[in-house]
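Structure record follows, encoded as structure tokens.
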Number of protein chains: 4
Amino acid sequence: MSKFKTRNPDFAERVRESFNRQGFMRYLGAELSIVEPGFVEIRVSHNSELTQQHGFFHGGVIGTIADNAGGYASFTLMEATDSVLTIEYKLNLMSPAKGDILIARGRVLRAGRRITTCQSDVFVMRDDEELLCATMLGTFMTMENTSDEPDNN
Amino acid sequence: MSKFKTRNPDFAERVRESFNRQGFMRYLGAELSIVEPGFVEIRVSHNSELTQQHGFFHGGVIGTIADNAGGYASFTLMEATDSVLTIEYKLNLMSPAKGDILIARGRVLRAGRRITTCQSDVFVMRDDEELLCATMLGTFMTMENTSDEPDNN
Amino acid sequence: MSKFKTRNPDFAERVRESFNRQGFMRYLGAELSIVEPGFVEIRVSHNSELTQQHGFFHGGVIGTIADNAGGYASFTLMEATDSVLTIEYKLNLMSPAKGDILIARGRVLRAGRRITTCQSDVFVMRDDEELLCATMLGTFMTMENTSDEPDNN
Amino acid sequence: MSKFKTRNPDFAERVRESFNRQGFMRYLGAELSIVEPGFVEIRVSHNSELTQQHGFFHGGVIGTIADNAGGYASFTLMEATDSVLTIEYKLNLMSPAKGDILIARGRVLRAGRRITTCQSDVFVMRDDEELLCATMLGTFMTMENTSDEPDNN
């Protein structure tokens with residue numbers, strides 16, 4: 001049972017459609033694995049093009065899916081006529097993202113009328129174990145009556 | 001004339017070699033356009049795979065080159081035997097990155113023995129004009145006697 | 001000549017009145033030394049109650065005036081009927097604030113309709129020289145038709 | 001049972017001594033209410049000198065105890081010969097701090113050899129209920145063989 005009340009019964013479908021329109025998500029091979037009220041999980045499988053020189057996931061990939069998981073977690077709680085915009089985020093890279101699958105879990109900390117604050121934790125799956133490698137704290141804005149998709153997500 | 005003193009005369013070559021080993025930079029088509037003491041510029045040309053749904057540059061691309069420009073600006077001031085690690089960064093997305101070329105300019109604000117603070121401004125070139133679209137404030141760590149490349153850049 | 005256009009000719013008076021109503025600013029002995037379109041300077045004199053154990057200015061004092069300088073820089077560009085709210089800020093503490101006077105200079109990086117992004121640099125005056133000790137990047141919201149003062153400034 | 005292992009059996013006493021030497025904590029009337037491995041709670045009672053114009057707790061007070069709770073949570077896990085330094089923090093102010101007691105709870109997310117990442121949640125007690133009003137994500141550095149107290153805490 002979620003502590004959040006949704007305003008749009010089709011929130012999950014709306015998030016999926018928006019996610020699918022993001023060329024960069026396709027380019028990264030990102031998958032939207034969970035969509036719940038106030039919570040979104042995004043996964044990316046290991047691929048040599050997404051790495052830095054040690055073969056670990058690149059920080060840019062970590063930041064991208066952390067931001068998107070937070071933005072879409074915010075989006076789940078918005079009206080069907082709203083869109084979402086990333087205002088800013090802060091990312092702490094806590095340990096090397098060495099593993100097979102990168103998993104970002106974004107959750108809403110507080111949803112205001114205009115401003116939603118989210119946190120995303122990013123894990124890397126290594127030897128069947130999930131290790132926390134980064135955390136993000138970000139701020140997202142509700143764009144009322146903006147039928148199209150957000151600029152920064 | 002830079003206000004910074006370098007410790008490694010081959011700093012520019014070392015930054016270029018490290019940049020070239022980053023698979024994700026190649027994947028994005030990023031170019032290391034300027035390397036000076038305490039300053040680095042990175043450029044990415046427009047490409048439909050790097051966009052969000054409006055055709056603008058994706059926020060993930062902005063964050064990636066902002067972080068890298070800051071990290072490599074830090075790296076220019078380090079010893080030949082050091083490597084650099086992104087501890088954290090904060091990115092404010094100030095306007096849509098609508099244009100042909102994305103340009104991140106990272107500069108060192110203060111270089112301490114272990115910790116370097118950098119700022120990156122990100123511009124988008126539109127109709128031959130540069131528009132500020134994002135700014136990053138980040139923290140980078142000097143890893144002494146670490147011959148290989150950084151984990152998070 | 002400022003690059004910013006003000007909407008309220010009495011912006012400086014409005015900032016001063018708001019500042020003077022802040023009990024915590026009085027408690028810290030803070031002075032609003034400059035108010036210009038998109039720019040505000042706040043000064044605090046050294047005092048043993050504002051210090052940490054080395055006798056330097058406490059990080060909490062630095063954060064407080066950095067946030068306030070950014071918030072009031074934003075406020076200078078708003079309508080007479082708006083108020084300002086701090087959404088978030090990030091502060092990098094770059095060197096010890098050892099000196100006689102702490103000076104925060106907040107300036108607007110971009111003023112949007114709802115969201116203003118500001119940077120504050122914090123200096124400490126030591127032996128008649130200003131030394132950069134911290135920098136802040138923050139996000140402020142315009143509260144339309146909110147006659148009273150902001151909650152978080 | 002804490003998930004963290006301490007290196008100094010007298011960690012709690014060391015935190016209390018350091019806290020008591022902070023002039024600014026006394027000035028704010030702050031109390032160190034809980035000290036556990038990787039966790040610290042700080043409380044401040046309502047007082048007209050700590051308020052903004054609505055009579056709520058000032059954002060500067062929130063930032064100060066959020067930073068300190070994170071810094072001291074880091075400090076609990078350090079050696080008896082280490083000191084702690086705040087590198088940076090980011091604070092999201094999520095709702096007005098209207099109430100009688102302000103409570104910051106800082107906890108370690110990851111403790112590395114040099115860098116510790118912490119989160120602090122700040123609550124305000126109103127009508128016997130705790131309300132989340134802010135959250136902080138910050139980075140703290142271990143200063144080895146630095147017998148005295150930190151500069152920025």
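Going through the structure tokens in order, the chains are called A, B, and so on, while each chain numbers its residues from 1 and the ligands are numbered from 1 in the order shown.
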Open item on the list: Tell me as a list in words which residues belonging to chain A come within 8 Å of chain D, counting only C-alpha atoms.
Closed with: Lys90, Asn92, Met94, Arg110, Thr117 and Leu137 of chain A
Dump of N, CA and C atoms for the selected residues, as a PDB file, in the first residue's frame:
ATOM      1  N   LYS A  90      21.528  16.535  -7.092  1.00  0.00           N
ATOM      2  CA  LYS A  90      22.868  16.338  -6.558  1.00  0.00           C
ATOM      3  C   LYS A  90      23.090  14.843  -6.467  1.00  0.00           C
ATOM      4  N   ASN A  92      25.792  11.832  -5.214  1.00  0.00           N
ATOM      5  CA  ASN A  92      27.001  11.373  -4.518  1.00  0.00           C
ATOM      6  C   ASN A  92      27.380   9.993  -5.037  1.00  0.00           C
ATOM      7  N   MET A  94      29.322   6.894  -4.411  1.00  0.00           N
ATOM      8  CA  MET A  94      29.871   6.366  -3.165  1.00  0.00           C
ATOM      9  C   MET A  94      30.816   5.184  -3.342  1.00  0.00           C
ATOM     10  N   ARG A 110       8.703  14.200  -0.809  1.00  0.00           N
ATOM     11  CA  ARG A 110       7.576  15.099  -0.547  1.00  0.00           C
ATOM     12  C   ARG A 110       7.068  15.664  -1.864  1.00  0.00           C
ATOM     13  N   THR A 117      10.214  16.756  -4.183  1.00  0.00           N
ATOM     14  CA  THR A 117      11.576  16.377  -3.813  1.00  0.00           C
ATOM     15  C   THR A 117      11.682  14.858  -3.852  1.00  0.00           C
ATOM     16  N   LEU A 137      19.736  13.341  -4.633  1.00  0.00           N
ATOM     17  CA  LEU A 137      18.663  14.134  -4.026  1.00  0.00           C
ATOM     18  C   LEU A 137      18.319  15.222  -5.034  1.00  0.00           C
TER      19      LEU A 137
END
Picked from chain A by DSSP as strand (DSSP E), as a tab-separated table (two decimals) with N, CA and C atoms, in the first residue's frame:
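Dumped everything to out12.tsv:
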chain	number	residue	atom	x	y	z
A	30	ALA	N	18.11	1.33	-21.51
A	30	ALA	CA	17.48	1.38	-20.18
A	30	ALA	C	16.08	0.79	-20.22
A	31	GLU	N	15.72	0.12	-19.13
A	31	GLU	CA	14.42	-0.52	-19.00
A	31	GLU	C	13.69	0.06	-17.78
A	32	LEU	N	12.42	0.37	-17.97
A	32	LEU	CA	11.59	0.88	-16.87
A	32	LEU	C	10.99	-0.33	-16.18
A	33	SER	N	11.57	-0.78	-15.08
A	33	SER	CA	11.19	-2.08	-14.52
A	33	SER	C	10.06	-2.03	-13.50
A	34	ILE	N	9.90	-0.94	-12.78
A	34	ILE	CA	8.79	-0.80	-11.82
A	34	ILE	C	8.24	0.62	-11.87
A	35	VAL	N	6.91	0.74	-11.86
A	35	VAL	CA	6.24	2.05	-11.78
A	35	VAL	C	5.12	1.93	-10.76
A	36	GLU	N	5.29	2.59	-9.63
A	36	GLU	CA	4.26	2.60	-8.59
A	36	GLU	C	4.04	4.04	-8.14
A	39	PHE	N	7.07	5.96	-6.86
A	39	PHE	CA	8.27	5.11	-6.95
A	39	PHE	C	8.48	4.59	-8.36
A	40	VAL	N	9.71	4.66	-8.83
A	40	VAL	CA	10.06	4.15	-10.17
A	40	VAL	C	11.43	3.48	-10.10
A	41	GLU	N	11.55	2.35	-10.77
A	41	GLU	CA	12.85	1.67	-10.89
A	41	GLU	C	13.25	1.58	-12.35
A	42	ILE	N	14.52	1.91	-12.62
A	42	ILE	CA	15.07	1.84	-13.98
A	42	ILE	C	16.31	0.96	-13.93
A	43	ARG	N	16.46	0.07	-14.93
A	43	ARG	CA	17.61	-0.83	-14.99
A	43	ARG	C	18.36	-0.66	-16.31
A	44	VAL	N	19.66	-0.79	-16.23
A	44	VAL	CA	20.51	-0.77	-17.43
A	44	VAL	C	21.49	-1.93	-17.33
A	45	SER	N	21.58	-2.70	-18.40
A	45	SER	CA	22.52	-3.83	-18.41
A	45	SER	C	23.89	-3.38	-18.85
A	83	SER	N	3.15	18.12	-16.90
A	83	SER	CA	4.41	17.45	-17.24
A	83	SER	C	5.42	17.77	-16.15
A	84	VAL	N	6.58	17.12	-16.20
A	84	VAL	CA	7.57	17.23	-15.13
A	84	VAL	C	8.89	17.75	-15.70
A	85	LEU	N	9.56	18.56	-14.92
A	85	LEU	CA	10.83	19.16	-15.33
A	85	LEU	C	11.83	18.97	-14.18
A	86	THR	N	13.04	18.53	-14.51
A	86	THR	CA	14.11	18.49	-13.50
A	86	THR	C	14.62	19.90	-13.27
A	87	ILE	N	14.53	20.40	-12.05
A	87	ILE	CA	15.13	21.70	-11.73
A	87	ILE	C	16.61	21.50	-11.43
A	88	GLU	N	16.91	20.56	-10.57
A	88	GLU	CA	18.31	20.31	-10.20
A	88	GLU	C	18.40	18.97	-9.50
A	89	TYR	N	19.60	18.42	-9.48
A	89	TYR	CA	19.84	17.25	-8.64
A	89	TYR	C	21.29	17.26	-8.19
A	90	LYS	N	21.53	16.54	-7.09
A	90	LYS	CA	22.87	16.34	-6.56
A	90	LYS	C	23.09	14.84	-6.47
A	91	LEU	N	24.25	14.41	-6.93
A	91	LEU	CA	24.57	12.99	-6.98
A	91	LEU	C	25.84	12.73	-6.19
A	92	ASN	N	25.79	11.83	-5.21
A	92	ASN	CA	27.00	11.37	-4.52
A	92	ASN	C	27.38	9.99	-5.04
A	93	LEU	N	28.59	9.90	-5.59
A	93	LEU	CA	29.08	8.62	-6.12
A	93	LEU	C	29.87	7.95	-5.00
A	101	ILE	N	24.43	-5.23	-13.74
A	101	ILE	CA	23.19	-4.46	-13.96
A	101	ILE	C	23.21	-3.26	-13.02
A	102	LEU	N	22.83	-2.12	-13.56
A	102	LEU	CA	22.74	-0.89	-12.76
A	102	LEU	C	21.25	-0.63	-12.51
A	103	ILE	N	20.90	-0.38	-11.25
A	103	ILE	CA	19.48	-0.25	-10.87
A	103	ILE	C	19.29	1.07	-10.12
A	104	ALA	N	18.47	1.96	-10.66
A	104	ALA	CA	18.14	3.21	-9.96
A	104	ALA	C	16.73	3.12	-9.42
A	105	ARG	N	16.58	3.42	-8.12
A	105	ARG	CA	15.25	3.41	-7.50
A	105	ARG	C	14.95	4.81	-6.99
A	106	GLY	N	14.00	5.46	-7.66
A	106	GLY	CA	13.64	6.82	-7.28
A	106	GLY	C	12.34	6.83	-6.50
A	107	ARG	N	12.33	7.60	-5.38
A	107	ARG	CA	11.10	7.67	-4.60
A	107	ARG	C	10.85	9.12	-4.19
A	108	VAL	N	9.59	9.45	-4.08
A	108	VAL	CA	9.19	10.80	-3.69
A	108	VAL	C	9.36	10.95	-2.19
A	109	LEU	N	10.05	12.01	-1.78
A	109	LEU	CA	10.15	12.33	-0.35
A	109	LEU	C	8.99	13.24	0.05
A	110	ARG	N	8.70	14.20	-0.81
A	110	ARG	CA	7.58	15.10	-0.55
A	110	ARG	C	7.07	15.66	-1.86
A	111	ALA	N	5.77	15.59	-2.06
A	111	ALA	CA	5.16	16.12	-3.27
A	111	ALA	C	4.34	17.35	-2.92
A	115	ILE	N	6.41	21.77	-6.44
A	115	ILE	CA	7.75	21.22	-6.28
A	115	ILE	C	7.68	19.83	-5.64
A	116	THR	N	8.36	18.88	-6.24
A	116	THR	CA	8.46	17.54	-5.66
A	116	THR	C	9.94	17.25	-5.39
A	117	THR	N	10.21	16.76	-4.18
A	117	THR	CA	11.58	16.38	-3.81
A	117	THR	C	11.68	14.86	-3.85
A	118	CYS	N	12.72	14.36	-4.52
A	118	CYS	CA	12.89	12.91	-4.66
A	118	CYS	C	14.30	12.49	-4.30
A	119	GLN	N	14.40	11.24	-3.91
A	119	GLN	CA	15.70	10.62	-3.70
A	119	GLN	C	15.78	9.39	-4.58
A	120	SER	N	16.93	9.19	-5.19
A	120	SER	CA	17.17	7.95	-5.94
A	120	SER	C	18.40	7.27	-5.36
A	121	ASP	N	18.28	5.99	-5.09
A	121	ASP	CA	19.45	5.19	-4.74
A	121	ASP	C	19.81	4.36	-5.95
A	122	VAL	N	21.11	4.27	-6.22
A	122	VAL	CA	21.56	3.50	-7.37
A	122	VAL	C	22.41	2.34	-6.88
A	123	PHE	N	22.03	1.15	-7.31
A	123	PHE	CA	22.71	-0.08	-6.91
A	123	PHE	C	23.34	-0.73	-8.14
A	124	VAL	N	24.39	-1.51	-7.89
A	124	VAL	CA	24.94	-2.32	-8.96
A	124	VAL	C	24.85	-3.77	-8.51
A	125	MET	N	24.41	-4.63	-9.44
A	125	MET	CA	24.28	-6.05	-9.15
A	125	MET	C	25.60	-6.73	-9.48
A	126	ARG	N	26.21	-7.33	-8.45
A	126	ARG	CA	27.49	-8.01	-8.63
A	126	ARG	C	27.42	-9.34	-7.89
A	129	GLU	N	24.42	-9.93	-5.85
A	129	GLU	CA	24.20	-9.10	-4.67
A	129	GLU	C	24.05	-7.65	-5.13
A	130	GLU	N	23.15	-6.92	-4.50
A	130	GLU	CA	22.98	-5.50	-4.83
A	130	GLU	C	23.85	-4.64	-3.91
A	131	LEU	N	24.68	-3.79	-4.53
A	131	LEU	CA	25.54	-2.91	-3.75
A	131	LEU	C	25.18	-1.46	-4.05
A	132	LEU	N	25.01	-0.67	-2.99
A	132	LEU	CA	24.69	0.75	-3.16
A	132	LEU	C	25.92	1.47	-3.71
A	133	CYS	N	25.78	2.10	-4.87
A	133	CYS	CA	26.96	2.81	-5.41
A	133	CYS	C	26.76	4.32	-5.50
A	134	ALA	N	25.53	4.81	-5.45
A	134	ALA	CA	25.31	6.26	-5.55
A	134	ALA	C	23.96	6.63	-4.96
A	135	THR	N	23.83	7.89	-4.58
A	135	THR	CA	22.52	8.38	-4.15
A	135	THR	C	22.31	9.78	-4.68
A	136	MET	N	21.08	10.08	-5.04
A	136	MET	CA	20.73	11.36	-5.63
A	136	MET	C	19.61	12.04	-4.85
A	137	LEU	N	19.74	13.34	-4.63
A	137	LEU	CA	18.66	14.13	-4.03
A	137	LEU	C	18.32	15.22	-5.03
A	138	GLY	N	17.07	15.25	-5.49
A	138	GLY	CA	16.73	16.17	-6.58
A	138	GLY	C	15.39	16.86	-6.41
A	139	THR	N	15.21	17.89	-7.21
A	139	THR	CA	14.04	18.75	-7.16
A	139	THR	C	13.38	18.79	-8.53
A	140	PHE	N	12.08	18.54	-8.55
A	140	PHE	CA	11.35	18.44	-9.82
A	140	PHE	C	10.14	19.36	-9.78
A	141	MET	N	9.83	19.95	-10.93
A	141	MET	CA	8.73	20.92	-10.97
A	141	MET	C	7.57	20.37	-11.77
A	142	THR	N	6.36	20.62	-11.27
A	142	THR	CA	5.14	20.30	-11.99
A	142	THR	C	4.86	21.43	-12.98
A	143	MET	N	4.76	21.09	-14.26
A	143	MET	CA	4.40	22.06	-15.28
A	143	MET	C	2.93	21.83	-15.62
- [ ] Would you kindly return, as JSON, numbers by chain, each protein, DNA or RNA residue with an atom no farther than 7 Å from any atom of stretch 76-81 of chain C, considering only C-alpha atoms and excluding same-chain residues fewer than 5 positions away?
- [x] {"C": [6, 7, 8, 11, 12, 15, 37, 38, 144, 145, 146, 147]}
Would you export the selected residues with C-alpha atoms as a PDB file, in the first residue's frame, please?
ATOM      1  CA  THR C   6      13.699  45.022 -12.099  1.00  0.00           C
ATOM      2  CA  ARG C   7       9.899  44.851 -11.931  1.00  0.00           C
ATOM      3  CA  ASN C   8       9.570  46.748  -8.694  1.00  0.00           C
ATOM      4  CA  PHE C  11      13.135  46.559  -4.750  1.00  0.00           C
ATOM      5  CA  ALA C  12      15.976  47.714  -2.466  1.00  0.00           C
ATOM      6  CA  VAL C  15      14.690  43.705   0.534  1.00  0.00           C
ATOM      7  CA  PRO C  37      19.344  44.306  -9.227  1.00  0.00           C
ATOM      8  CA  GLY C  38      20.222  40.606  -9.077  1.00  0.00           C
ATOM      9  CA  GLU C 144       3.073  35.035  -6.545  1.00  0.00           C
ATOM     10  CA  ASN C 145       0.629  37.185  -4.639  1.00  0.00           C
ATOM     11  CA  THR C 146       2.126  36.243  -1.328  1.00  0.00           C
ATOM     12  CA  SER C 147       2.279  39.526   0.476  1.00  0.00           C
TER      13      SER C 147
END
Task: Near-D:Gly63 list (7 Å; only C-alpha atoms; drop same-chain fewer than 4 positions) as JSON, numbers by chain - done: {"C": [60], "D": [59, 67, 91]}
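Residues in contact with D:His46 at up to 9 Å, not including ones fewer than 3 positions away on its chain and judged by only C-alpha atoms, are Glu49, Leu50, Thr51, Phe56, Phe57, Gly99, Asp100, Ile101 and Leu102 of chain D.
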TODO: Give the alpha helix (DSSP H) residues of chain B, as assigned by DSSP on the backbone, as a ChimeraX atom specification.
DONE: /B:11-21,23-28,59-75
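With atom CA of C:Asn68 on one side and atom CA of C:Phe19 on the other, the separation reads 8.8 Å.
A straight line drawn from atom CA of C:Ser74 to atom CA of B:Ile65 is 27.8 Å long.
The space between atom CA of C:Asp127 and atom CA of B:Phe4 spans 23.0 Å.
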